$ cat data.csv   # CSV, C-alpha atoms and all ligand atoms
chain,number,residue,atom,x,y,z
G,1,MET,CA,61.9,-3.7,7.4
G,2,SER,CA,62.3,-2.8,3.8
G,3,SER,CA,65.3,-4.0,1.9
G,4,ASN,CA,65.1,-0.7,-0.1
G,5,ALA,CA,65.4,1.3,3.1
G,6,ARG,CA,69.1,2.0,3.0
G,7,PRO,CA,71.6,2.6,0.3
G,8,LEU,CA,74.3,0.1,-0.5
G,9,ALA,CA,77.0,0.4,2.0
G,10,VAL,CA,79.5,-2.2,0.9
G,11,LYS,CA,80.8,-2.4,-2.6
G,12,VAL,CA,82.4,-5.7,-3.7
G,13,LYS,CA,85.1,-5.5,-6.3
G,14,THR,CA,85.2,-8.2,-9.0
G,15,ALA,CA,88.0,-10.6,-8.3
G,16,LYS,CA,89.9,-13.0,-10.6
G,17,GLY,CA,88.2,-16.3,-10.8
G,18,ARG,CA,84.9,-15.0,-9.3
G,19,LYS,CA,81.9,-14.9,-11.6
G,20,ILE,CA,80.0,-11.6,-11.9
G,21,SER,CA,76.9,-13.4,-10.6
G,22,SER,CA,78.8,-14.4,-7.4
G,23,THR,CA,80.1,-10.8,-7.0
G,24,ARG,CA,76.5,-9.5,-7.3
G,25,TRP,CA,75.3,-12.2,-4.8
G,26,LEU,CA,78.0,-11.2,-2.3
G,27,GLN,CA,77.3,-7.5,-2.6
G,28,ARG,CA,73.6,-8.2,-2.0
G,29,GLN,CA,74.3,-10.3,1.0
G,30,LEU,CA,76.6,-7.8,2.6
G,31,ASN,CA,74.1,-5.0,2.2
G,32,ASP,CA,70.9,-6.9,3.0
G,33,PRO,CA,69.3,-5.5,6.2
G,34,TYR,CA,67.8,-8.9,7.0
G,35,VAL,CA,71.2,-10.6,6.7
G,36,LEU,CA,72.7,-8.0,9.0
G,37,LYS,CA,69.9,-8.2,11.5
G,38,ALA,CA,70.0,-12.1,11.5
G,39,LYS,CA,73.7,-11.9,12.2
G,40,SER,CA,73.3,-9.4,15.1
G,41,ILE,CA,70.5,-11.5,16.7
G,42,GLY,CA,72.2,-14.8,16.2
G,43,TYR,CA,69.8,-16.3,13.7
G,44,LYS,CA,71.3,-18.9,11.4
G,45,SER,CA,69.7,-17.4,8.3
G,46,ARG,CA,67.8,-14.3,7.1
G,47,ALA,CA,64.9,-16.8,6.4
G,48,ALA,CA,64.1,-16.6,10.1
G,49,PHE,CA,62.4,-13.3,9.4
G,50,LYS,CA,60.1,-14.9,6.9
G,51,LEU,CA,58.7,-17.2,9.5
G,52,ILE,CA,58.5,-14.4,12.0
G,53,GLU,CA,56.5,-12.4,9.5
G,54,ILE,CA,54.2,-15.3,8.6
G,55,ASP,CA,53.6,-15.9,12.3
G,56,GLU,CA,52.9,-12.2,13.0
G,57,ARG,CA,50.3,-12.3,10.2
G,58,PHE,CA,48.6,-15.6,11.1
G,59,ASN,CA,49.5,-16.1,14.7
G,60,LEU,CA,50.3,-19.8,14.3
G,61,LEU,CA,53.1,-20.8,16.7
G,62,LYS,CA,52.1,-21.3,20.3
G,63,SER,CA,53.7,-22.5,23.5
G,64,GLY,CA,53.6,-26.3,23.8
G,65,MET,CA,53.1,-27.1,20.2
G,66,THR,CA,54.8,-29.8,18.1
G,67,VAL,CA,56.3,-28.5,14.9
G,68,ILE,CA,58.0,-30.3,12.0
G,69,ASP,CA,60.4,-28.1,10.1
G,70,LEU,CA,61.1,-29.7,6.6
G,71,GLY,CA,64.3,-28.3,5.0
G,72,CYS,CA,65.4,-26.8,8.3
G,73,SER,CA,69.1,-26.0,7.5
G,74,PRO,CA,70.8,-23.8,8.3
G,75,GLY,CA,68.2,-23.4,11.0
G,76,GLY,CA,66.6,-19.9,11.2
G,77,TRP,CA,63.0,-21.2,11.1
G,78,SER,CA,63.8,-23.9,13.7
G,79,GLN,CA,65.3,-21.2,16.0
G,80,VAL,CA,62.1,-19.1,15.7
G,81,ALA,CA,59.8,-22.1,16.1
G,82,LEU,CA,61.8,-23.2,19.3
G,83,GLU,CA,61.5,-19.7,20.8
G,84,LYS,CA,57.8,-19.8,20.3
G,85,VAL,CA,56.8,-23.3,21.2
G,86,CYS,CA,59.2,-23.7,24.2
G,87,SER,CA,58.3,-20.2,25.6
G,88,LYS,CA,57.2,-20.5,29.2
G,89,HIS,CA,55.8,-17.0,29.2
G,90,GLU,CA,52.8,-17.4,27.1
G,91,LYS,CA,49.6,-16.9,29.0
G,92,ASN,CA,47.2,-19.9,29.3
G,93,ALA,CA,49.9,-22.3,28.1
G,94,LEU,CA,48.9,-25.8,29.1
G,95,ASN,CA,52.3,-27.2,28.5
G,96,SER,CA,55.3,-25.1,27.7
G,97,LEU,CA,57.4,-28.1,26.5
G,98,GLY,CA,56.9,-27.9,22.8
G,99,ARG,CA,58.9,-29.9,20.3
G,100,VAL,CA,60.6,-28.9,17.1
G,101,ILE,CA,61.7,-31.7,14.7
G,102,GLY,CA,64.0,-30.6,11.9
G,103,ILE,CA,64.6,-32.6,8.7
G,104,ASP,CA,67.2,-31.7,6.0
G,105,LEU,CA,69.8,-33.2,3.6
G,106,ASN,CA,72.4,-31.1,5.6
G,107,GLU,CA,72.9,-31.0,9.3
G,108,PRO,CA,72.6,-27.5,10.8
G,109,GLU,CA,75.2,-26.3,13.3
G,110,ALA,CA,73.9,-27.2,16.8
G,111,ILE,CA,70.6,-25.6,17.8
G,112,PRO,CA,69.7,-26.4,21.4
G,113,GLY,CA,66.4,-28.2,21.7
G,114,LEU,CA,66.1,-29.1,18.0
G,115,GLU,CA,65.6,-32.8,17.2
G,116,PHE,CA,67.3,-33.2,13.9
G,117,TYR,CA,67.1,-36.0,11.3
G,118,LYS,CA,69.4,-36.1,8.3
G,119,ILE,CA,67.0,-37.3,5.6
G,120,ASN,CA,66.4,-36.9,1.9
G,121,PHE,CA,62.7,-36.2,2.1
G,122,LEU,CA,62.1,-37.1,-1.6
G,123,GLU,CA,63.7,-40.5,-1.1
G,124,THR,CA,61.8,-41.4,2.1
G,125,ASP,CA,58.4,-43.0,2.3
G,126,PRO,CA,56.4,-40.6,4.4
G,127,ILE,CA,54.6,-43.4,6.2
G,128,ASP,CA,58.0,-45.0,7.2
G,129,LEU,CA,59.2,-41.6,8.3
G,130,ILE,CA,56.2,-41.2,10.6
G,131,GLY,CA,57.0,-44.5,12.1
G,132,LYS,CA,60.7,-43.6,12.5
G,133,LEU,CA,59.9,-40.3,14.2
G,134,LYS,CA,57.2,-41.9,16.3
G,135,ILE,CA,54.9,-38.9,15.9
G,136,ASN,CA,51.3,-38.1,15.1
G,137,ASN,CA,49.0,-35.3,16.2
G,138,VAL,CA,51.5,-32.7,15.0
G,139,ASP,CA,50.3,-29.0,15.3
G,140,ILE,CA,52.3,-27.5,12.4
G,141,VAL,CA,54.2,-28.8,9.4
G,142,LEU,CA,56.5,-26.2,7.9
G,143,SER,CA,58.3,-26.7,4.6
G,144,ASP,CA,60.9,-24.2,3.4
G,145,MET,CA,62.5,-27.0,1.3
G,146,ALA,CA,64.2,-25.8,-1.9
G,147,SER,CA,66.8,-27.5,-4.1
G,148,SER,CA,69.6,-25.4,-5.3
G,149,SER,CA,68.7,-23.3,-8.3
G,150,SER,CA,69.4,-24.9,-11.7
G,151,GLY,CA,69.1,-21.5,-13.4
G,152,HIS,CA,66.2,-22.9,-15.4
G,153,LYS,CA,63.0,-21.3,-14.2
G,154,LYS,CA,60.7,-24.1,-15.2
G,155,THR,CA,62.9,-26.9,-13.7
G,156,ASP,CA,63.3,-25.0,-10.4
G,157,HIS,CA,59.5,-24.5,-10.3
G,158,LEU,CA,58.8,-28.2,-10.8
G,159,ARG,CA,61.4,-29.2,-8.2
G,160,ILE,CA,60.0,-27.0,-5.6
G,161,MET,CA,56.5,-28.1,-6.3
G,162,ALA,CA,57.6,-31.8,-6.0
G,163,LEU,CA,59.0,-31.0,-2.6
G,164,CYS,CA,55.9,-29.1,-1.6
G,165,GLU,CA,53.6,-31.8,-2.8
G,166,SER,CA,55.5,-34.5,-0.8
G,167,ALA,CA,55.4,-32.2,2.2
G,168,ALA,CA,51.6,-31.8,1.8
G,169,PHE,CA,51.2,-35.6,1.6
G,170,PHE,CA,53.3,-36.0,4.7
G,171,ALA,CA,51.3,-33.3,6.5
G,172,ASP,CA,48.1,-35.1,5.6
G,173,HIS,CA,49.3,-38.1,7.6
G,174,VAL,CA,50.7,-36.4,10.7
G,175,LEU,CA,48.7,-33.3,11.4
G,176,LYS,CA,46.1,-33.2,14.1
G,177,ARG,CA,42.6,-31.8,13.5
G,178,GLY,CA,42.9,-28.1,13.2
G,179,GLY,CA,46.6,-28.3,12.3
G,180,VAL,CA,48.5,-26.0,10.0
G,181,PHE,CA,50.6,-26.5,6.9
G,182,VAL,CA,53.0,-23.8,5.7
G,183,ALA,CA,55.1,-24.3,2.5
G,184,LYS,CA,57.3,-22.5,0.1
G,185,VAL,CA,55.9,-22.5,-3.5
G,186,LEU,CA,56.9,-20.7,-6.6
G,187,SER,CA,54.2,-18.8,-8.6
G,188,GLY,CA,52.9,-20.3,-11.8
G,189,GLY,CA,52.7,-23.7,-13.4
G,190,ALA,CA,51.6,-26.6,-11.2
G,191,GLU,CA,50.8,-24.5,-8.1
G,192,PRO,CA,47.0,-24.1,-8.6
G,193,GLU,CA,46.6,-27.9,-8.5
G,194,LEU,CA,48.1,-28.0,-5.1
G,195,GLN,CA,45.9,-25.2,-3.9
G,196,LYS,CA,42.9,-27.1,-5.1
G,197,LEU,CA,43.9,-30.1,-3.1
G,198,LEU,CA,44.7,-28.1,0.0
G,199,LYS,CA,41.3,-26.4,-0.1
G,200,ILE,CA,39.7,-29.8,0.3
G,201,LYS,CA,41.9,-30.7,3.3
G,202,PHE,CA,42.0,-27.4,5.1
G,203,GLU,CA,39.4,-24.8,6.1
G,204,LYS,CA,41.4,-21.8,4.9
G,205,VAL,CA,44.2,-21.7,2.3
G,206,ILE,CA,46.0,-18.3,1.8
G,207,ASN,CA,49.0,-17.3,-0.2
G,208,PHE,CA,51.4,-14.9,1.5
G,209,LYS,CA,54.6,-13.3,0.5
G,210,PRO,CA,56.3,-12.0,3.6
G,211,PRO,CA,58.2,-8.7,3.3
G,212,ALA,CA,61.5,-10.6,4.0
G,213,SER,CA,61.0,-12.6,0.8
G,214,ARG,CA,63.0,-10.9,-1.9
G,215,LYS,CA,60.8,-9.0,-4.3
G,216,ASP,CA,62.6,-10.3,-7.4
G,217,SER,CA,61.9,-13.9,-6.4
G,218,SER,CA,58.7,-15.7,-7.4
G,219,GLU,CA,58.7,-17.4,-4.0
G,220,LYS,CA,55.7,-17.2,-1.8
G,221,TYR,CA,54.2,-19.3,1.0
G,222,VAL,CA,51.0,-21.2,1.1
G,223,VAL,CA,49.4,-21.1,4.5
G,224,ALA,CA,46.8,-23.8,5.1
G,225,ILE,CA,44.9,-23.5,8.4
G,226,GLY,CA,42.4,-25.8,10.1
G,227,PHE,CA,43.2,-29.3,8.9
G,228,ARG,CA,40.0,-31.3,8.6
G,229,ALA,CA,41.6,-34.6,9.5
G,301,LIG,C1,66.0,-22.3,1.8
G,301,LIG,S1,66.8,-23.5,2.7
G,301,LIG,C2,65.8,-23.5,4.2
G,301,LIG,C3,66.2,-22.4,5.1
G,301,LIG,C4,65.6,-22.6,6.5
G,301,LIG,N1,64.2,-22.5,6.5
G,301,LIG,C5,66.2,-21.7,7.5
G,301,LIG,O1,65.4,-20.9,8.1
G,301,LIG,O2,67.4,-21.7,7.7
G,301,LIG,C6,66.2,-25.0,1.9
G,301,LIG,C7,66.6,-26.3,2.5
G,301,LIG,O3,65.9,-27.3,1.9
G,301,LIG,C8,66.8,-28.5,2.0
G,301,LIG,N2,66.3,-29.5,1.1
G,301,LIG,C9,66.2,-29.4,-0.3
G,301,LIG,N3,65.8,-30.6,-0.8
G,301,LIG,C10,65.6,-31.5,0.2
G,301,LIG,C11,65.3,-32.8,0.4
G,301,LIG,N4,65.0,-33.6,-0.7
G,301,LIG,N5,65.2,-33.4,1.6
G,301,LIG,C12,65.5,-32.7,2.7
G,301,LIG,N6,65.9,-31.4,2.6
G,301,LIG,C13,65.9,-30.8,1.4
G,301,LIG,C14,68.1,-27.9,1.6
G,301,LIG,O4,69.1,-28.8,2.0
G,301,LIG,C15,68.1,-26.6,2.3
G,301,LIG,O5,68.8,-26.7,3.6
$ encode --input "data.csv" --output "structure tokens"
Amino acid sequence: MSSNARPLAVKVKTAKGRKISSTRWLQRQLNDPYVLKAKSIGYKSRAAFKLIEIDERFNLLKSGMTVIDLGCSPGGWSQVALEKVCSKHEKNALNSLGRVIGIDLNEPEAIPGLEFYKINFLETDPIDLIGKLKINNVDIVLSDMASSSSGHKKTDHLRIMALCESAAFFADHVLKRGGVFVAKVLSGGAEPELQKLLKIKFEKVINFKPPASRKDSSEKYVVAIGFRA
């Protein structure tokens, strides 16, 4: 689905008290085909399509898996992960009862089947968290964590990289052999260091920008496959 595929349908007028940037954001939301499609399907966010596209490309999510979704709110990725890991229709599934554990600063609206923990990931010791969740041998750690934009490119980059590095450290302690780590990163700066580290821990490390990720954003996803344990 291309976000350039259709002309703008809804025009938003500037309103008293509303900043021009907010008007632009609103106009983009109202005309974004991914936002419209997410709404019609019942996904909590347009981000759901990013995970769908990552999964279509790398074939990661399978019935019976245990998935941890870091930065899960409002919940699009968790919904997609639940559909995949709890599917009873997949051929050769040994166990169709997969698990999706979501972590975020903000609680999403109820998502049936999601085990949610309201946690500030940066203020939690990963080892304590693993004890609290009583988990190990996790198949996939996902991180779409992002703090709200400061408007300062370098600061935003450093913040996302800090979240991504913590997620990678956590993944290093919970993943099973052969496991997968997927995380949002921003291009530039500290990102090559993380890649280097991941290449030691995983058999394959690939950068991927799903079509649903906005072209004007420097966001992309690092997909690390085959955890060496
Ligand atoms: C882009 S949204 C994730 C969207 C989600 N993947 C979806 O499909 O709906 C980023 C999320 O990261 C969360 N986040 C940012 N910093 C965090 C932190 N330190 N600990 C936990 N969650 C955090 C935010 O609260 C926000 O919900």
$ residues_near_ligand --input "data.csv" --ligand "ligand LIG 301 (chain G)" --cutoff "7 Å" --atoms "all atoms listed in the file" --output "PyMOL selection string"
chain G and resi 44-45+47-48+70-78+103-106+119-122+144-147+163
$ atom_distance --input "data.csv" --atom1 "CA of Ile127 in chain G" --atom2 "CA of Glu115 in chain G"
18.8 Å
$ closest_residue --input "data.csv" --among "G:Pro126, G:Ser22, G:Phe227, G:Phe49" --to "Val35 in chain G" --atoms "all atoms listed in the file"
G:Phe49
$ atom_distance --input "data.csv" --atom1 "CA of Ile41 in chain G" --atom2 "CA of Leu114 in chain G"
18.2 Å
$ atom_distance --input "data.csv" --atom1 "CA of Leu186 in chain G" --atom2 "CA of Leu129 in chain G"
25.8 Å
$ closest_residue --input "data.csv" --among "G:Ala212, G:Gln79, G:Asp55, G:Phe170" --to "Gly42 in chain G" --atoms "all atoms listed in the file"
G:Gln79
$ closest_residue --input "data.csv" --among "G:Ser143, G:Asn207, G:Asn137, G:Ser148" --to "Lys184 in chain G" --atoms "all atoms listed in the file"
G:Ser143
$ residues_around --input "data.csv" --residues "Glu191 in chain G" --least-positions-apart "2" --cutoff "10 Å" --atoms "all atoms listed in the file" --output "PyMOL selection string"
chain G and resi 157-158+160-161+164-165+185-189+193-196+222
$ residues_around --input "data.csv" --residues "Lys176 in chain G" --least-positions-apart "2" --cutoff "8 Å" --atoms "all atoms listed in the file" --output "JSON, numbers by chain"
{"G": [136, 137, 138, 139, 174, 178, 179, 227, 229]}
$ closest_residue --input "data.csv" --among "G:Asp32, G:Asp156, G:Glu53, G:Glu109" --to "Tyr221 in chain G" --atoms "only C-alpha atoms"
G:Glu53
$ residues_around --input "data.csv" --residues "Arg228 in chain G" --least-positions-apart "2" --cutoff "6 Å" --atoms "only C-alpha atoms" --output "NGL selection string"
:G and (177 or 201-202)
$ residues_near_point --input "data.csv" --point "(53.1, -21.9, 12.6)" --cutoff "6 Å" --atoms "all atoms listed in the file" --output "PDB file with C-alpha atoms, in the frame of the given file"
ATOM      1  CA  LEU G  60      50.300 -19.800  14.300  1.00  0.00           C
ATOM      2  CA  LEU G  61      53.100 -20.800  16.700  1.00  0.00           C
ATOM      3  CA  ILE G 140      52.300 -27.500  12.400  1.00  0.00           C
TER       4      ILE G 140
END
$ closest_residue --input "data.csv" --among "G:Val141, G:Leu175, G:Ile225, G:Ala167" --to "Ala81 in chain G" --atoms "only C-alpha atoms"
G:Val141
$ closest_residue --input "data.csv" --among "G:Ser218, G:Tyr43, G:Ser213, G:Glu203" --to "Pro108 in chain G" --atoms "only C-alpha atoms"
G:Tyr43
